[in-house]
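Trainee: This is the structure, below, for whatever I ask next.
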Amino acid sequence: MKYDYDFLVIGAGSGGVRASRIAAGHGAKTAVIEHQALGGTCVNVGCVPKKLFVIAAHFSELFEASQGFGWQPGHPKFDWQTLLTNKNNEITRLNGIYENMLEKAGVDIIRGMGRFEDAHTVVVNDKKITADKILIAVGGHPTVPDFPGKEHVVTSNELFYLDKLPEKIIIVGGGYIAVEFAGIFNGLGVDTTLIYRRDLFLRGFDEDIRKHLAEEMQQGGIKLLFNQNIEKIEKQNGYTATLLDGSTLQADLIAYATGRAPNTSRLGLENVQLKTKDNNAIIINGHYQTSVDNIYAVGDVTDRIQLTPVAIKEGHAVADNLFNKQDRTIAYDNVPTAIFSQPPIATVGLTQEQAQNQGFDIKVFKSSFRPMINVLGGSSKTLMKMIVDTKTDKVIGLQMIGDEAAEVIQGFAVALKAGATKATFDATLGIHPSSAEEFVTMR
C-alpha cells in the first residue's frame with residue numbers, strides 16, 4: 001500500500017522535531033503534526049522561559065552581594081512587563097527557528113490536532129493522513145487534584161503569562177517545578193509560601209542536598225510549610241486557602257505544581273488498541289515501539305525520564321533505527337539533571353541513598369563552603385558530594401548545590417560516563433580559584 005508519508009510525527013516538541021528532522025535527512029518523506037506553538041513544553045512553557053525567569057530573579061541576590069565588593073546599587077526597580085515582553089519575543093524567535101529548521105530539512109508541518117483512525121491513518125482537521133511509521137511525541141501537561149476551589153488556581157503554564165506580578169503567592173508542590181517557581185517569585189520580590197504534603201521536598205534527590213536547599217530557601221525569605229496541604233480555596237481578600245490544620249492563608253495567586261500527565265486523551269488510542277499504563281502513559285519496548293508494531297513513542301508521553309535531552313536522544317534513535325538501518329538504544333544511567341532553584345542543584349549518577357540501597361560499599365566525600373562571590377557579600381553556601389564505589393574506586397555519583405551547579409556537573413558528567421575513578425579525579429589539576437576544583441581536591 002502507498003502511504004502519504006513514510007514517517008508521521010504527532011507533536012513538534014523536542015523529541016518530535018529531532019525525530020522528524022533526522023528521518024527527513026535519511027530520505028524519509030516526513031511530516032509533523034502540531035496544534036500549538038512549535039518547540040513543545042520546553043521552548044514555550046518549560047525550561048527556556050523558566051531559565052530566563054530564574055536569571056531575572058537571581059539578579060536581586062547579585063545586587064545584594066555586590067555591595068560587599070564596593071558597589072552601591074541603591075534600589076534597583078524590577079519591571080515585570082519588560083521581562084514578560086522580552087521573554088515572549090525570545091520564545092517567538094525560537095518558534096521561528098524551529099519552523100525554519102523543519103522546512104529546510106524538508107519536513108511538512110501540519111497544523112492541527114492529530115487523532116488516530118487506524119494504525120496507519122491520522123485525522124487532522126477532518127483530513128485523513130496516512131503513514132507507514134508513526135511517532136507519538138505529544139508530551140504532557142500539568143495536573144491539579146480535585147478539591148473545593150480548584151477552579152481558582154493556576155499551573156506552571158499560566159505562570160509564564162501573568163498580566164501582573166502578585167504581591168503574595170502560594171505555591172503547592174514538592175517537585176522541581178514548585179521549588180523553581182518559589183525561587184523565581186521570591187527573587188522578584190513576591191511574598192512567597194511553598195506548601196508540600198510531605199516532610200521534605202524533592203523526593204528522590206540526595207538527602208543532604210534537599211536539607212541544604214530548604215535552609216537556603218528559608219534564609220532567603222521563602223516560607224516553607226511541610227507536612228501540610230490546602231483543603232479548600234475561597235475567593236475573598238484575593239484568595240483564602242484553608243489548610244488541613246484549619247489555619248488560613250491569604251494570597252493574590254495560588255499555583256499548583258503537583259504533577260504532570262501524558263497528553264494521550266485526545267489521540268484516539270482506543271481506535272488502534274494501543275496499550276497504556278494506569279496513568280495513561282504509552283507503554284514502549286527498548287526501541288520505543290508501542291504495542292502496535294508501526295507506532296512508536298518518545299519523551300514525556302512515555303513517562304520515563306521527563307527531560308528535554310532525553311526526548312531528543314530518543315527521537316534521534318527512532319529515526320536512525322527506522323530509516324538508517326541502525327539499532328540504537330539510549331542508556332538511562334548517569335543522566336545529568338539540574339534544578340534551577342535558588343541556589344541551583346545539579347546531579348549525575350547515584351545519590352548516597354540510592355548507592356546504599358543498591359548494595360554498593362561506598363565512601364562519601366563532602367565539602368561545604370562559601371563561594372567567592374559570597375565571601376565579601378551574601379551568605380549562601382555551596383555543598384558538594386561525591387559517592388565512590390570502594391571496590392572499583394569508580395565515582396558513581398556527584399551532587400552539587402550552589403552557583404553554576406549545572407555548568408559544573410555537565411562537565412563532570414562526561415567523566416562519570418567514561419568511568420572515571422577517584423584516583424582519576426585526584427590526578428586532575430583544578431582551576432583555581434573555582435568552586436569546581438573542589439571535586440578534584442576532595443579528601
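In the C-alpha cells, each chain is lettered A, B, ... as it comes, each chain's residues begin at 1, and ligands are numbered from 1 in order of appearance.
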Running DSSP on the backbone, which parts of range 164-382 of chain A land in strand (DSSP E or B), as a PyMOL selection string?

Mentor: chain A and resi 168-172+191-196+223-226+230-234+239-243+248-251+253-256+260-262+276+282+289+295-297+337-339+345-349+362-369+382

Trainee: Please identify all polymer residues within 10 Å of range 237-242 of chain A, counting only C-alpha atoms, omitting same-chain residues fewer than 5 positions from it, and present them as an MDAnalysis selection string.

Mentor: chainID A and resid 149 152:153 168:170 229:232 247:254

Trainee: For the residues in the current selection, export C-alpha atoms as a tab-separated table (two decimals), in the first residue's frame.

Mentor:
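For reference, result_38.tsv as written:
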chain	number	residue	atom	x	y	z
A	149	GLY	CA	-11.87	25.84	44.97
A	152	HIS	CA	-9.19	29.38	41.44
A	153	VAL	CA	-5.66	28.01	40.97
A	168	LYS	CA	1.68	37.33	47.64
A	169	ILE	CA	1.80	33.87	46.14
A	170	ILE	CA	1.23	30.35	47.48
A	229	ASN	CA	-1.79	20.88	52.32
A	230	ILE	CA	-4.70	23.01	51.15
A	231	GLU	CA	-8.18	21.69	51.96
A	232	LYS	CA	-10.16	24.39	50.15
A	247	SER	CA	-5.45	27.64	59.63
A	248	THR	CA	-5.84	30.04	56.70
A	249	LEU	CA	-3.50	31.87	54.34
A	250	GLN	CA	-4.24	34.83	52.07
A	251	ALA	CA	-2.64	35.29	48.63
A	252	ASP	CA	-3.16	37.14	45.37
A	253	LEU	CA	-2.31	33.98	43.44
A	254	ILE	CA	-2.23	30.25	44.21

Trainee: Pick out the residues sitting within 6 Å of Val9 in chain A, and hand them over as a PDB file with N, CA and C atoms, in the first residue's frame; count only C-alpha atoms, and ignore anything fewer than 5 positions along from it in its own chain.

Mentor:
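Writing done, so here's around.pdb:
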ATOM      1  N   VAL A  32       5.181  16.479  10.354  1.00  0.00           N
ATOM      2  CA  VAL A  32       4.963  16.585  11.790  1.00  0.00           C
ATOM      3  C   VAL A  32       3.672  17.359  12.029  1.00  0.00           C
ATOM      4  N   ILE A 134       4.580   5.781  12.419  1.00  0.00           N
ATOM      5  CA  ILE A 134       4.047   6.936  13.131  1.00  0.00           C
ATOM      6  C   ILE A 134       4.725   7.041  14.498  1.00  0.00           C
ATOM      7  N   LEU A 135       5.124   8.241  14.850  1.00  0.00           N
ATOM      8  CA  LEU A 135       5.744   8.504  16.153  1.00  0.00           C
ATOM      9  C   LEU A 135       4.857   9.422  16.974  1.00  0.00           C
TER      10      LEU A 135
END

Trainee: Residues at most 12 Å from Ala331 in chain A, counting only C-alpha atoms, excluding those fewer than 6 positions away in the same chain, as a list in words?

Mentor: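 In the requested form, the answer reads Gly286, His287, Ile305, Val310, Lys313, Glu314, Ala317 and Lys417 of chain A.
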
Trainee: Excluding same-chain residues fewer than 4 positions from Phe78 in chain A, what lies within 9 Å of it counting only C-alpha atoms, as a list of chain:residue names?

Mentor: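 With the cut-off at 9 Å, the set is A:Thr82, A:Leu83, A:Leu188, A:Gly189.
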
Trainee: Could you turn the residues from that selection into a file that holds C-alpha atoms, as a PDB file, in the first residue's frame?

Mentor:
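The resulting part-v8.pdb:
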ATOM      1  CA  THR A  82       9.655  44.254  30.493  1.00  0.00           C
ATOM      2  CA  LEU A  83      10.679  40.710  31.432  1.00  0.00           C
ATOM      3  CA  LEU A 188      11.402  39.056  42.106  1.00  0.00           C
ATOM      4  CA  GLY A 189      10.181  40.459  45.425  1.00  0.00           C
TER       5      GLY A 189
END

Trainee: What parts of range 284-382 of chain A does DSSP call helix (DSSP H, G or I)? I'd like the answer as a list in words.

Mentor: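 Listing helix (DSSP H, G or I) positions across range 284-382 of chain A yields Gly299, Asp300, Val301, Thr302, Thr308, Pro309, Val310, Ala311, Ile312, Lys313, Glu314, Gly315, His316, Ala317, Val318, Ala319, Asp320, Asn321, Leu322, Phe323, Gln352, Glu353, Gln354, Ala355, Gln356, Asn357, Met372, Ile373 and Asn374 of chain A.
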
Trainee: Compile the contact shell of Arg111 in chain A as a VMD selection string: residues with an atom at most 10 Å away, counting only C-alpha atoms, same-chain residues fewer than 4 positions apart removed.

Mentor: chain A and resid 32 to 38 124 to 125

Trainee: So that I can check the surroundings of Pro73 in chain A, please list as a VMD selection string every protein, DNA and RNA residue that reaches within 8 Å of it, counting only C-alpha atoms and ignoring chain neighbours fewer than 6 positions away.

Mentor: chain A and resid 63 66 to 67
